[in-house]
$ cat input.cif   # mmCIF, C-alpha atoms
data_work
#
loop_
_atom_site.label_atom_id
_atom_site.label_comp_id
_atom_site.auth_asym_id
_atom_site.auth_seq_id
_atom_site.Cartn_x
_atom_site.Cartn_y
_atom_site.Cartn_z
CA MET A 208 -35.23 -38.08 74.52
CA THR A 209 -35.77 -34.34 74.89
CA VAL A 210 -33.78 -31.37 76.16
CA THR A 211 -35.43 -28.25 77.57
CA LEU A 212 -34.14 -25.08 75.92
CA GLN A 213 -34.59 -21.45 76.84
CA VAL A 214 -36.03 -19.96 73.64
CA LEU A 215 -37.31 -16.38 73.31
CA GLY A 216 -37.71 -16.14 77.06
CA THR A 217 -39.70 -19.33 77.42
CA ALA A 218 -38.80 -23.00 78.03
CA ILE A 219 -39.49 -25.53 75.28
CA ALA A 220 -38.64 -29.24 75.30
CA VAL A 221 -37.12 -30.25 71.97
CA PRO A 222 -35.80 -33.54 70.56
CA ALA A 223 -32.17 -34.04 71.54
CA ASP A 224 -30.92 -34.14 67.94
CA LEU A 225 -32.53 -30.77 67.20
CA ALA A 226 -31.14 -29.42 70.48
CA ARG A 227 -27.65 -30.31 69.27
CA GLN A 228 -28.20 -28.16 66.18
CA LEU A 229 -29.45 -25.35 68.43
CA SER A 230 -26.37 -25.66 70.61
CA ARG A 231 -26.05 -21.87 71.11
CA LEU A 232 -29.38 -21.69 72.92
CA PRO A 233 -29.14 -22.11 76.71
CA THR A 234 -30.69 -25.10 78.42
CA THR A 235 -32.93 -24.69 81.44
CA ASP A 236 -33.65 -26.76 84.51
CA GLY A 237 -37.16 -25.40 84.76
CA PRO A 238 -40.28 -27.13 83.48
CA ALA A 239 -41.04 -26.86 79.79
CA ASP A 240 -43.97 -24.69 78.70
CA ALA A 241 -44.44 -26.80 75.58
CA GLU A 242 -42.88 -29.71 73.77
CA VAL A 243 -41.83 -30.00 70.16
CA PRO A 244 -42.92 -33.38 68.81
CA ALA A 245 -40.18 -35.38 67.14
CA GLY A 246 -40.13 -35.09 63.38
CA ASP A 247 -37.82 -34.17 60.59
CA PRO A 248 -35.50 -31.31 61.63
CA ALA A 249 -37.07 -28.67 59.38
CA GLN A 250 -40.59 -29.41 60.65
CA ALA A 251 -39.39 -29.60 64.25
CA LEU A 252 -37.65 -26.24 63.87
CA ALA A 253 -40.78 -24.63 62.45
CA GLU A 254 -42.82 -26.06 65.31
CA LEU A 255 -40.25 -24.86 67.85
CA THR A 256 -40.49 -21.34 66.44
CA ARG A 257 -44.28 -21.41 66.51
CA LEU A 258 -44.39 -22.65 70.11
CA ALA A 259 -41.68 -20.26 71.30
CA VAL A 260 -43.48 -17.25 69.83
CA ALA A 261 -46.81 -18.46 71.24
CA HIS A 262 -45.37 -18.74 74.78
CA SER A 263 -42.82 -15.92 74.71
CA PRO A 264 -43.24 -12.98 77.10
CA LEU A 265 -41.19 -10.92 74.61
CA LEU A 266 -42.51 -8.90 71.69
CA CYS A 267 -41.54 -11.02 68.68
CA VAL A 268 -41.34 -9.43 65.23
CA HIS A 269 -40.77 -11.31 61.99
CA ALA A 270 -37.28 -10.09 61.11
CA GLY A 271 -33.74 -11.09 60.40
CA VAL A 272 -31.29 -9.70 62.97
CA VAL A 273 -27.51 -9.42 62.93
CA SER A 274 -25.03 -7.57 65.12
CA GLY A 275 -22.81 -4.81 63.74
CA PRO A 276 -20.07 -2.58 65.07
CA ASP A 277 -22.43 -0.24 66.92
CA GLY A 278 -25.42 -2.45 67.74
CA LEU A 279 -28.02 -4.66 66.13
CA ILE A 280 -29.41 -4.41 62.63
CA ALA A 281 -33.02 -5.53 62.23
CA ILE A 282 -34.49 -6.35 58.82
CA PRO A 283 -38.24 -6.84 59.14
CA GLY A 284 -39.84 -8.86 56.38
CA GLU A 285 -42.33 -11.52 55.50
CA SER A 286 -41.41 -15.01 54.38
CA GLY A 287 -40.27 -14.80 50.77
CA LEU A 288 -38.28 -11.58 51.11
CA GLY A 289 -35.13 -13.69 51.29
CA LYS A 290 -34.33 -12.78 54.90
CA THR A 291 -32.41 -15.96 55.58
CA THR A 292 -30.27 -15.55 52.47
CA LEU A 293 -29.64 -11.89 53.32
CA VAL A 294 -28.72 -12.83 56.90
CA ALA A 295 -26.31 -15.47 55.56
CA ALA A 296 -24.71 -12.87 53.28
CA LEU A 297 -24.39 -10.46 56.22
CA LEU A 298 -22.65 -13.15 58.27
CA ARG A 299 -20.24 -13.66 55.40
CA ALA A 300 -19.63 -9.88 55.37
CA GLY A 301 -18.59 -10.00 59.03
CA PHE A 302 -21.79 -9.35 61.01
CA GLY A 303 -22.75 -11.52 63.98
CA TYR A 304 -25.74 -13.89 64.00
CA VAL A 305 -28.77 -13.09 66.15
CA SER A 306 -31.71 -14.62 64.25
CA ASP A 307 -33.03 -15.25 60.77
CA GLU A 308 -36.62 -15.25 62.01
CA ALA A 309 -37.45 -13.12 65.04
CA LEU A 310 -36.53 -9.80 66.61
CA ALA A 311 -37.41 -10.55 70.24
CA LEU A 312 -37.74 -7.37 72.31
CA ASP A 313 -38.24 -6.81 76.00
CA ARG A 314 -41.13 -4.33 75.96
CA ASP A 315 -39.76 -2.37 78.92
CA SER A 316 -36.03 -2.18 78.26
CA GLY A 317 -35.82 -2.69 74.49
CA ALA A 318 -33.11 -5.33 75.02
CA VAL A 319 -33.07 -8.03 72.35
CA THR A 320 -32.95 -11.74 73.08
CA ALA A 321 -31.02 -13.73 70.48
CA PHE A 322 -32.73 -16.59 68.67
CA PRO A 323 -29.87 -18.13 66.70
CA ARG A 324 -31.80 -21.01 65.19
CA PRO A 325 -30.32 -23.06 62.34
CA LEU A 326 -30.44 -21.39 58.95
CA SER A 327 -32.45 -23.26 56.36
CA LEU A 328 -30.49 -22.65 53.17
CA ARG A 329 -30.59 -23.95 49.65
CA GLY A 330 -27.40 -25.52 48.39
CA ASP A 331 -26.67 -22.60 46.09
CA VAL A 332 -26.55 -20.26 49.11
CA TRP A 333 -24.16 -22.37 51.22
CA PRO A 334 -21.04 -20.83 49.65
CA LEU A 335 -22.25 -17.41 50.87
CA ILE A 336 -21.33 -18.41 54.40
CA GLY A 337 -18.24 -20.35 53.42
CA LEU A 338 -19.62 -23.81 54.09
CA ALA A 339 -18.59 -26.82 52.06
CA PRO A 340 -19.39 -29.25 50.67
CA ALA A 341 -22.71 -27.72 49.69
CA PRO A 342 -25.75 -29.89 48.98
CA PRO A 343 -27.26 -29.82 45.46
CA PRO A 344 -28.20 -26.22 44.50
CA ASP A 345 -31.96 -26.65 44.82
CA GLU A 346 -31.86 -28.78 47.98
CA GLU A 347 -32.59 -26.99 51.25
CA ARG A 348 -30.75 -28.08 54.40
CA LEU A 349 -30.30 -26.75 57.91
CA VAL A 350 -27.01 -25.11 58.88
CA SER A 351 -26.34 -25.24 62.62
CA PRO A 352 -25.46 -21.95 64.33
CA ALA A 353 -22.53 -23.86 65.82
CA ALA A 354 -21.05 -23.91 62.31
CA LEU A 355 -21.18 -20.12 62.11
CA GLU A 356 -18.19 -18.16 63.31
CA ARG A 357 -19.94 -15.29 65.06
CA THR A 358 -23.04 -15.65 67.17
CA ALA A 359 -24.15 -12.58 69.10
CA ALA A 360 -25.17 -12.62 72.75
CA SER A 361 -28.52 -11.39 74.04
CA GLY A 362 -29.03 -7.99 75.63
CA ALA A 363 -27.94 -5.66 72.82
CA ARG A 364 -30.10 -2.85 71.42
CA VAL A 365 -31.34 -2.22 67.89
CA ARG A 366 -29.23 0.48 66.25
CA HIS A 367 -30.35 0.18 62.62
CA ILE A 368 -33.64 -0.86 61.01
CA VAL A 369 -33.42 -1.75 57.32
CA LEU A 370 -36.62 -1.79 55.29
CA ALA A 371 -35.52 -3.95 52.38
CA ARG A 372 -37.15 -4.90 49.12
CA ARG A 373 -35.87 -6.85 46.17
CA VAL A 374 -35.85 -5.05 42.84
CA PRO A 375 -33.60 -5.33 39.81
CA GLY A 376 -30.58 -3.05 39.72
CA PRO A 377 -27.66 -2.10 41.92
CA PRO A 378 -28.16 -2.03 45.70
CA GLN A 379 -29.26 1.24 47.25
CA LEU A 380 -29.38 2.37 50.86
CA ASP A 381 -31.01 5.65 51.87
CA PRO A 382 -32.23 7.13 55.14
CA ALA A 383 -35.99 6.69 55.65
CA PRO A 384 -38.55 8.33 57.94
CA ARG A 385 -38.75 6.67 61.35
CA GLY A 386 -42.52 6.39 61.11
CA GLU A 387 -42.19 3.85 58.33
CA ALA A 388 -40.22 1.60 60.64
CA VAL A 389 -42.94 1.76 63.30
CA GLN A 390 -45.49 0.61 60.75
CA ALA A 391 -43.20 -2.10 59.36
CA LEU A 392 -42.29 -3.57 62.74
CA LEU A 393 -45.80 -3.59 64.15
CA ARG A 394 -47.27 -5.02 60.94
CA ARG A 395 -44.85 -7.93 61.19
CA ALA A 396 -45.21 -8.56 64.92
CA PHE A 397 -46.21 -12.13 65.80
CA ASN A 398 -47.68 -11.54 69.24
CA HIS A 399 -48.29 -7.83 69.84
CA TYR A 400 -52.02 -8.52 70.25
CA ARG A 401 -51.35 -9.77 73.77
CA ALA A 402 -50.34 -6.29 74.94
CA PRO A 403 -51.08 -3.97 72.02
CA GLU A 404 -50.52 -0.62 73.69
CA ALA A 405 -47.29 -1.69 75.42
CA SER A 406 -46.10 -3.25 72.16
CA PHE A 407 -46.77 -0.07 70.19
CA ARG A 408 -44.93 2.04 72.76
CA ALA A 409 -42.03 -0.45 72.80
CA VAL A 410 -41.73 -0.31 69.01
CA VAL A 411 -41.76 3.50 68.99
CA ALA A 412 -39.11 3.55 71.72
CA VAL A 413 -36.87 1.23 69.70
CA VAL A 414 -37.36 3.22 66.50
CA ARG A 415 -36.74 6.53 68.27
CA THR A 416 -33.12 5.59 68.99
CA ALA A 417 -32.41 3.72 65.74
CA ASN A 418 -31.33 4.78 62.28
CA VAL A 419 -33.93 3.81 59.70
CA TRP A 420 -32.87 2.87 56.18
CA LYS A 421 -34.69 1.97 53.01
CA ALA A 422 -32.79 -0.60 50.97
CA SER A 423 -33.35 -2.07 47.54
CA TYR A 424 -31.31 -4.92 46.16
CA ALA A 425 -31.23 -7.71 43.66
CA ASP A 426 -28.46 -9.85 45.15
CA ALA A 427 -28.03 -10.36 48.89
CA PRO A 428 -24.19 -10.24 48.89
CA ASP A 429 -24.25 -6.82 47.19
CA LEU A 430 -26.53 -5.36 49.85
CA ALA A 431 -24.53 -7.04 52.62
CA GLU A 432 -21.35 -5.40 51.36
CA LEU A 433 -23.07 -2.02 51.06
CA LEU A 434 -24.37 -2.32 54.62
CA ARG A 435 -20.92 -3.31 55.86
CA ARG A 436 -19.34 -0.25 54.28
CA ARG A 437 -22.04 2.23 55.30
CA LEU A 438 -22.71 0.98 58.82
CA THR A 439 -19.04 0.50 59.65
CA HIS A 440 -18.46 4.08 58.47
CA SER A 441 -21.44 5.22 60.57
CA ALA A 442 -19.99 3.52 63.66
CA SER A 443 -16.55 5.06 63.07
CA ALA A 444 -18.07 8.52 62.71
CA THR A 445 -20.01 8.06 65.95
CA ALA A 446 -16.93 6.88 67.80
CA ALA A 447 -14.93 9.85 66.55
CA ARG A 448 -17.41 12.43 67.87
CA MET B 128 -68.08 17.97 59.62
CA ILE B 129 -67.84 17.75 63.40
CA ASP B 130 -66.64 20.59 65.57
CA TYR B 131 -64.57 20.55 68.76
CA PRO B 132 -62.62 17.50 67.59
CA SER B 133 -60.77 15.41 70.15
CA PRO B 134 -58.81 12.14 70.10
CA ALA B 135 -60.91 8.97 70.11
CA PRO B 136 -60.54 7.25 73.48
CA SER B 137 -58.91 4.14 72.03
CA VAL B 138 -56.07 5.98 70.26
CA VAL B 139 -52.56 5.63 71.67
CA VAL B 140 -50.25 8.53 70.85
CA GLU B 141 -46.45 8.78 70.69
CA ASP B 142 -44.33 11.64 69.36
CA LEU B 143 -41.58 10.57 66.99
CA ASP B 144 -39.22 13.34 65.90
CA ASP B 145 -41.51 15.97 64.38
CA ASP B 146 -44.15 13.39 63.47
CA VAL B 147 -46.96 11.97 65.56
CA CYS B 148 -47.56 8.20 65.66
CA LEU B 149 -51.12 7.08 66.35
CA TYR B 150 -52.18 3.52 67.09
CA ARG B 151 -55.68 2.09 67.13
CA ALA B 152 -55.46 -1.27 68.86
CA ASP B 153 -59.08 -2.10 68.00
CA ILE B 154 -58.22 -2.29 64.29
CA ASP B 155 -54.47 -2.81 64.76
CA GLU B 156 -53.51 0.20 62.66
CA VAL B 157 -50.62 2.65 62.91
CA LEU B 158 -51.01 6.09 61.37
CA VAL B 159 -48.06 8.45 61.12
CA LEU B 160 -48.89 12.15 60.86
CA ASN B 161 -46.35 14.53 59.37
CA GLN B 162 -45.49 17.74 61.15
CA SER B 163 -48.37 19.85 59.82
CA ALA B 164 -51.01 17.16 60.36
CA GLY B 165 -49.44 16.55 63.75
CA ASP B 166 -49.92 20.21 64.61
CA VAL B 167 -53.64 19.85 63.86
CA TRP B 168 -53.74 16.72 66.02
CA ARG B 169 -52.08 18.44 68.98
CA LEU B 170 -54.60 21.29 68.91
CA ALA B 171 -57.62 18.98 68.55
CA ASP B 172 -58.23 18.79 72.27
CA GLY B 173 -62.04 19.02 72.33
CA ARG B 174 -61.97 22.67 73.43
CA ARG B 175 -61.22 24.31 70.10
CA THR B 176 -63.42 24.46 67.04
CA VAL B 177 -61.94 23.43 63.71
CA SER B 178 -61.99 27.06 62.72
CA ALA B 179 -60.11 28.08 65.87
CA ILE B 180 -57.46 25.42 65.20
CA ALA B 181 -57.00 26.78 61.69
CA ASP B 182 -56.82 30.39 62.93
CA GLN B 183 -54.10 29.48 65.40
CA LEU B 184 -52.05 27.56 62.83
CA ALA B 185 -52.41 30.31 60.23
CA ARG B 186 -50.86 32.71 62.75
CA VAL B 187 -48.06 30.27 63.63
CA TYR B 188 -47.28 29.49 59.99
CA ASP B 189 -47.88 33.10 58.89
CA ALA B 190 -49.85 31.56 56.01
CA ASN B 191 -52.94 32.37 53.99
CA GLU B 192 -55.87 31.91 56.36
CA ALA B 193 -58.29 30.52 53.78
CA ALA B 194 -55.75 27.94 52.61
CA VAL B 195 -55.01 26.85 56.17
CA GLN B 196 -58.73 26.63 56.95
CA ALA B 197 -59.16 24.30 53.96
CA ASP B 198 -56.16 22.16 54.88
CA VAL B 199 -57.21 21.81 58.51
CA ARG B 200 -60.76 20.82 57.52
CA THR B 201 -59.32 18.17 55.20
CA VAL B 202 -57.05 16.74 57.91
CA VAL B 203 -59.82 16.73 60.52
CA ALA B 204 -62.32 15.14 58.13
CA ASP B 205 -59.83 12.41 57.26
CA LEU B 206 -58.98 11.67 60.89
CA VAL B 207 -62.67 11.58 61.80
CA ALA B 208 -63.45 9.25 58.90
CA ARG B 209 -60.65 6.94 60.03
CA GLY B 210 -61.83 6.95 63.63
CA TYR B 211 -58.89 8.78 65.19
CA LEU B 212 -60.82 11.95 66.03
CA VAL B 213 -64.30 12.29 67.46
CA GLY B 214 -66.26 15.32 68.51
CA ALA B 215 -69.54 17.13 68.79
CA ALA B 216 -71.48 18.19 65.71
CA PRO B 217 -71.88 21.94 65.04
CA GLY B 218 -74.39 23.39 67.46
CA GLY B 219 -73.21 21.17 70.29
CA SER B 220 -75.45 18.16 69.56
#

$ encode --input "input.cif" --output "C-alpha cells"
Amino acid sequence: MTVTLQVLGTAIAVPADLARQLSRLPTTDGPADAEVPAGDPAQALAELTRLAVAHSPLLCVHAGVVSGPDGLIAIPGESGLGKTTLVAALLRAGFGYVSDEALALDRDSGAVTAFPRPLSLRGDVWPLIGLAPAPPPDEERLVSPAALERTAASGARVRHIVLARRVPGPPQLDPAPRGEAVQALLRRAFNHYRAPEASFRAVVAVVRTANVWKASYADAPDLAELLRRRLTHSASATAAR
Amino acid sequence: MIDYPSPAPSVVVEDLDDDVCLYRADIDEVLVLNQSAGDVWRLADGRRTVSAIADQLARVYDANEAAVQADVRTVVADLVARGYLVGAAPGGS
C-alpha cells in the first residue's frame, strides 16, 4: 500500500510505513509523479529524496536547514560534513527542523519549502536530540520528524548561511563575504542545470538578504550552542532597532 | 592581449554589495570579482580600450597611472583567459 506525499513541490507515492515516519509532510490527492519502491526504510528514504529532487520544480541545494528566531539558517555541505549530526545538535539547542538534506527554494520568491525527512543518526548521536533508548553507538537508525519537538513550516526565508568545516579546536563563527555563499550554494545545487540562469539569480537574491558566516568546529553541540548565542543576539539586536 | 573588451555573451551578471558575481552556465562556474576587478568589469563595455579603462580608473582612484595600467591588463587578461571577456584584437581585427 502506498500514500502520495507532497515532497519538495512534487507528488511522490511512498510505502505507507515510510509515510508514517514522514508524517509532517502533507499528503496530496493528485496523481503521483513517481513511486518509491518498497524496501528497507533507509533505502526507501534515499530513493524518495532522489525522486523528489529529480521531479521538483524548486531549486534544491544540498544543505541542512533549521529555523531560528529571525528566519532560516542554511548550512550547505556535501555528504560527510556531518550535516545531519549538526542539524540534530541545533534542534537540541532550540532551533526548528526544516531539513537535514535539502534547501528547497522557489526561484521567484525565495520562499523555502520544508523537507523534514527522518534523520538517519548513529546511536551515539541520539542523546543529542534527547531520544532514548538509543540504539548501539555505531548502529544507524531513522528518527521520525514526528519525534522531534519543533518542525518548521514552509514559506520562511533564509536569514543566515553558515559555511561550516570541521577542524580541531574550539568553535569559531565569523562573518564571511557574500560571494562565497553564492559559490557554495550553486556548487551544491542538485538541479540548477534545469534553469541555470534563473537558479544563479535566485541564489544571488537569497544571499543578498542573508548574513553569511564562516564556521569551524570539532563537535557539533559546541557549534550549535555558539550559533544559538550569536544568532539569538543578532535577532534581539535587529528587533531593538 | 585583446582590446575593446566586452562581456562574453553567455555570462550572467549580478551585483552583490560592492562585488560583481559572474556566472557561466556553459561551464557551470561562478566567479566573484572584488570591487577593483568589478570596476574593470563594469567599464569593459566593448567601446573602451584597455588603456582607456585604466586611464579612467587611475583618475577615479587618484593612483599611479602605470600601476593601474598594469593591474587592469592583468585583470582583463585573466578574464579573457577564463572566457568571461571577449573582444577585438589590437588593430580592430

$ residues_near_point --input "input.cif" --point "(-63.4, 7.4, 67.2)" --cutoff "8 Å" --atoms "all atoms listed in the file" --output "JSON, numbers by chain"
{"B": [134, 135, 136, 137, 207, 209, 210, 211, 212, 213]}

$ closest_residue --input "input.cif" --among "B:Asp130, B:Ser178, B:Val138, B:Asp146" --to "Asn161 (chain B)" --atoms "only C-alpha atoms"
B:Asp146

$ resolve_selection --input "input.cif" --expression "the PyMOL selection byres ((chain A) within 9 of (chain B))" --output "VMD selection string"
chain A and resid 385 to 387 389 to 390 393 to 394 400 403 to 404 407 to 408 411 to 412 414 to 415

$ residues_near_point --input "input.cif" --point "(-38.9, -10.2, 71.4)" --cutoff "6 Å" --atoms "all atoms listed in the file" --output "CSV table (one decimal) with C-alpha atoms, in the frame of the given file"
chain,number,residue,atom,x,y,z
A,265,LEU,CA,-41.2,-10.9,74.6
A,266,LEU,CA,-42.5,-8.9,71.7
A,267,CYS,CA,-41.5,-11.0,68.7
A,310,LEU,CA,-36.5,-9.8,66.6
A,311,ALA,CA,-37.4,-10.6,70.2
A,312,LEU,CA,-37.7,-7.4,72.3
A,313,ASP,CA,-38.2,-6.8,76.0

$ residues_around --input "input.cif" --residues "region 181-192 of chain B" --least-positions-apart "3" --cutoff "12 Å" --atoms "all atoms listed in the file" --output "JSON, numbers by chain"
{"B": [162, 163, 164, 165, 166, 167, 168, 169, 170, 171, 175, 176, 177, 178, 195, 196, 197, 198, 199, 200, 201, 202, 203]}

$ residues_around --input "input.cif" --residues "Pro248 (chain A)" --least-positions-apart "6" --cutoff "9 Å" --atoms "all atoms listed in the file" --output "JSON, numbers by chain"
{"A": [224, 225, 349]}

$ resolve_selection --input "input.cif" --expression "the PyMOL selection byres ((chain A and resi 423-439) around 7)" --output "ChimeraX atom specification"
/A:276,292-293,296-297,300,371-380,421-422,440-443

$ atom_distance --input "input.cif" --atom1 "CA of Ile368 (chain A)" --atom2 "CA of Glu285 (chain A)"
14.8 Å

$ atom_distance --input "input.cif" --atom1 "CA of Asp315 (chain A)" --atom2 "CA of Ala409 (chain A)"
6.8 Å

$ residues_around --input "input.cif" --residues "Gln250 (chain A)" --least-positions-apart "2" --cutoff "12 Å" --atoms "only C-alpha atoms" --output "list in words"
Val221, Pro222, Leu225, Val243, Pro244, Ala245, Gly246, Asp247, Pro248, Leu252, Ala253, Glu254, Leu255, Thr256, Arg257, Ser327, Arg348 and Leu349 of chain A

$ atom_distance --input "input.cif" --atom1 "CA of Asp331 (chain A)" --atom2 "CA of Asp345 (chain A)"
6.8 Å

$ resolve_selection --input "input.cif" --expression "the PyMOL selection byres ((chain B and resi 173) around 6)" --output "PyMOL selection string"
chain B and resi 131-133+171-172+174-175

$ write_last_selection --input "input.cif" --atoms "C-alpha atoms" --output "compact mmCIF listing (two decimals), keeping the file's coordinate frame"
# COMPACT_ATOMS: atom_id res chain seq x y z
CA TYR B 131 -64.57 20.55 68.76
CA PRO B 132 -62.62 17.50 67.59
CA SER B 133 -60.77 15.41 70.15
CA ALA B 171 -57.62 18.98 68.55
CA ASP B 172 -58.23 18.79 72.27
CA ARG B 174 -61.97 22.67 73.43
CA ARG B 175 -61.22 24.31 70.10

$ build_atoms --input "input.cif" --residues "region 302-330 of chain A" --atoms "N, CA and C atoms" --output "PDB file, in the frame of the given file"
ATOM      1  N   PHE A 302     -20.838  -9.645  59.925  1.00  0.00           N
ATOM      2  CA  PHE A 302     -21.790  -9.350  61.010  1.00  0.00           C
ATOM      3  C   PHE A 302     -21.990 -10.599  61.867  1.00  0.00           C
ATOM      4  N   GLY A 303     -22.505 -10.402  63.079  1.00  0.00           N
ATOM      5  CA  GLY A 303     -22.750 -11.520  63.980  1.00  0.00           C
ATOM      6  C   GLY A 303     -24.193 -12.010  63.868  1.00  0.00           C
ATOM      7  N   TYR A 304     -24.414 -13.281  64.178  1.00  0.00           N
ATOM      8  CA  TYR A 304     -25.740 -13.890  64.000  1.00  0.00           C
ATOM      9  C   TYR A 304     -26.590 -13.717  65.256  1.00  0.00           C
ATOM     10  N   VAL A 305     -27.791 -13.199  65.060  1.00  0.00           N
ATOM     11  CA  VAL A 305     -28.770 -13.090  66.150  1.00  0.00           C
ATOM     12  C   VAL A 305     -29.989 -13.947  65.836  1.00  0.00           C
ATOM     13  N   SER A 306     -30.569 -13.784  64.649  1.00  0.00           N
ATOM     14  CA  SER A 306     -31.710 -14.620  64.250  1.00  0.00           C
ATOM     15  C   SER A 306     -32.020 -14.398  62.771  1.00  0.00           C
ATOM     16  N   ASP A 307     -32.535 -15.431  62.139  1.00  0.00           N
ATOM     17  CA  ASP A 307     -33.030 -15.250  60.770  1.00  0.00           C
ATOM     18  C   ASP A 307     -34.550 -15.158  60.759  1.00  0.00           C
ATOM     19  N   GLU A 308     -35.167 -15.129  61.960  1.00  0.00           N
ATOM     20  CA  GLU A 308     -36.620 -15.250  62.010  1.00  0.00           C
ATOM     21  C   GLU A 308     -37.313 -14.227  62.908  1.00  0.00           C
ATOM     22  N   ALA A 309     -36.707 -13.919  64.066  1.00  0.00           N
ATOM     23  CA  ALA A 309     -37.450 -13.120  65.040  1.00  0.00           C
ATOM     24  C   ALA A 309     -36.571 -12.073  65.732  1.00  0.00           C
ATOM     25  N   LEU A 310     -37.069 -10.849  65.736  1.00  0.00           N
ATOM     26  CA  LEU A 310     -36.530  -9.800  66.610  1.00  0.00           C
ATOM     27  C   LEU A 310     -37.343  -9.889  67.889  1.00  0.00           C
ATOM     28  N   ALA A 311     -36.702 -10.317  68.984  1.00  0.00           N
ATOM     29  CA  ALA A 311     -37.410 -10.550  70.240  1.00  0.00           C
ATOM     30  C   ALA A 311     -37.034  -9.458  71.237  1.00  0.00           C
ATOM     31  N   LEU A 312     -37.992  -8.573  71.511  1.00  0.00           N
ATOM     32  CA  LEU A 312     -37.740  -7.370  72.310  1.00  0.00           C
ATOM     33  C   LEU A 312     -38.380  -7.455  73.678  1.00  0.00           C
ATOM     34  N   ASP A 313     -37.631  -7.051  74.692  1.00  0.00           N
ATOM     35  CA  ASP A 313     -38.240  -6.810  76.000  1.00  0.00           C
ATOM     36  C   ASP A 313     -39.000  -5.489  75.894  1.00  0.00           C
ATOM     37  N   ARG A 314     -40.313  -5.539  76.180  1.00  0.00           N
ATOM     38  CA  ARG A 314     -41.130  -4.330  75.960  1.00  0.00           C
ATOM     39  C   ARG A 314     -40.710  -3.168  76.855  1.00  0.00           C
ATOM     40  N   ASP A 315     -40.131  -3.454  78.007  1.00  0.00           N
ATOM     41  CA  ASP A 315     -39.760  -2.370  78.920  1.00  0.00           C
ATOM     42  C   ASP A 315     -38.377  -1.802  78.619  1.00  0.00           C
ATOM     43  N   SER A 316     -37.409  -2.661  78.402  1.00  0.00           N
ATOM     44  CA  SER A 316     -36.030  -2.180  78.260  1.00  0.00           C
ATOM     45  C   SER A 316     -35.580  -2.037  76.810  1.00  0.00           C
ATOM     46  N   GLY A 317     -36.252  -2.704  75.888  1.00  0.00           N
ATOM     47  CA  GLY A 317     -35.820  -2.690  74.490  1.00  0.00           C
ATOM     48  C   GLY A 317     -34.672  -3.643  74.208  1.00  0.00           C
ATOM     49  N   ALA A 318     -34.205  -4.363  75.232  1.00  0.00           N
ATOM     50  CA  ALA A 318     -33.110  -5.330  75.020  1.00  0.00           C
ATOM     51  C   ALA A 318     -33.607  -6.483  74.158  1.00  0.00           C
ATOM     52  N   VAL A 319     -32.714  -6.973  73.311  1.00  0.00           N
ATOM     53  CA  VAL A 319     -33.070  -8.030  72.350  1.00  0.00           C
ATOM     54  C   VAL A 319     -32.530  -9.373  72.830  1.00  0.00           C
ATOM     55  N   THR A 320     -33.373 -10.379  72.788  1.00  0.00           N
ATOM     56  CA  THR A 320     -32.950 -11.740  73.080  1.00  0.00           C
ATOM     57  C   THR A 320     -32.627 -12.459  71.768  1.00  0.00           C
ATOM     58  N   ALA A 321     -31.447 -13.045  71.708  1.00  0.00           N
ATOM     59  CA  ALA A 321     -31.020 -13.730  70.480  1.00  0.00           C
ATOM     60  C   ALA A 321     -31.817 -15.014  70.272  1.00  0.00           C
ATOM     61  N   PHE A 322     -32.074 -15.328  69.038  1.00  0.00           N
ATOM     62  CA  PHE A 322     -32.730 -16.590  68.670  1.00  0.00           C
ATOM     63  C   PHE A 322     -31.962 -17.176  67.491  1.00  0.00           C
ATOM     64  N   PRO A 323     -30.736 -17.656  67.783  1.00  0.00           N
ATOM     65  CA  PRO A 323     -29.870 -18.130  66.700  1.00  0.00           C
ATOM     66  C   PRO A 323     -30.224 -19.550  66.269  1.00  0.00           C
ATOM     67  N   ARG A 324     -31.379 -19.682  65.631  1.00  0.00           N
ATOM     68  CA  ARG A 324     -31.800 -21.010  65.190  1.00  0.00           C
ATOM     69  C   ARG A 324     -31.034 -21.385  63.918  1.00  0.00           C
ATOM     70  N   PRO A 325     -31.022 -22.675  63.572  1.00  0.00           N
ATOM     71  CA  PRO A 325     -30.320 -23.060  62.340  1.00  0.00           C
ATOM     72  C   PRO A 325     -30.888 -22.322  61.133  1.00  0.00           C
ATOM     73  N   LEU A 326     -30.017 -22.028  60.203  1.00  0.00           N
ATOM     74  CA  LEU A 326     -30.440 -21.390  58.950  1.00  0.00           C
ATOM     75  C   LEU A 326     -30.841 -22.472  57.963  1.00  0.00           C
ATOM     76  N   SER A 327     -32.012 -22.321  57.393  1.00  0.00           N
ATOM     77  CA  SER A 327     -32.450 -23.260  56.360  1.00  0.00           C
ATOM     78  C   SER A 327     -32.080 -22.677  55.004  1.00  0.00           C
ATOM     79  N   LEU A 328     -31.061 -23.255  54.383  1.00  0.00           N
ATOM     80  CA  LEU A 328     -30.490 -22.650  53.170  1.00  0.00           C
ATOM     81  C   LEU A 328     -30.427 -23.639  52.027  1.00  0.00           C
ATOM     82  N   ARG A 329     -30.764 -23.147  50.851  1.00  0.00           N
ATOM     83  CA  ARG A 329     -30.590 -23.950  49.650  1.00  0.00           C
ATOM     84  C   ARG A 329     -29.093 -24.134  49.374  1.00  0.00           C
ATOM     85  N   GLY A 330     -28.794 -25.205  48.679  1.00  0.00           N
ATOM     86  CA  GLY A 330     -27.400 -25.520  48.390  1.00  0.00           C
ATOM     87  C   GLY A 330     -26.660 -24.407  47.690  1.00  0.00           C
TER      88      GLY A 330
END
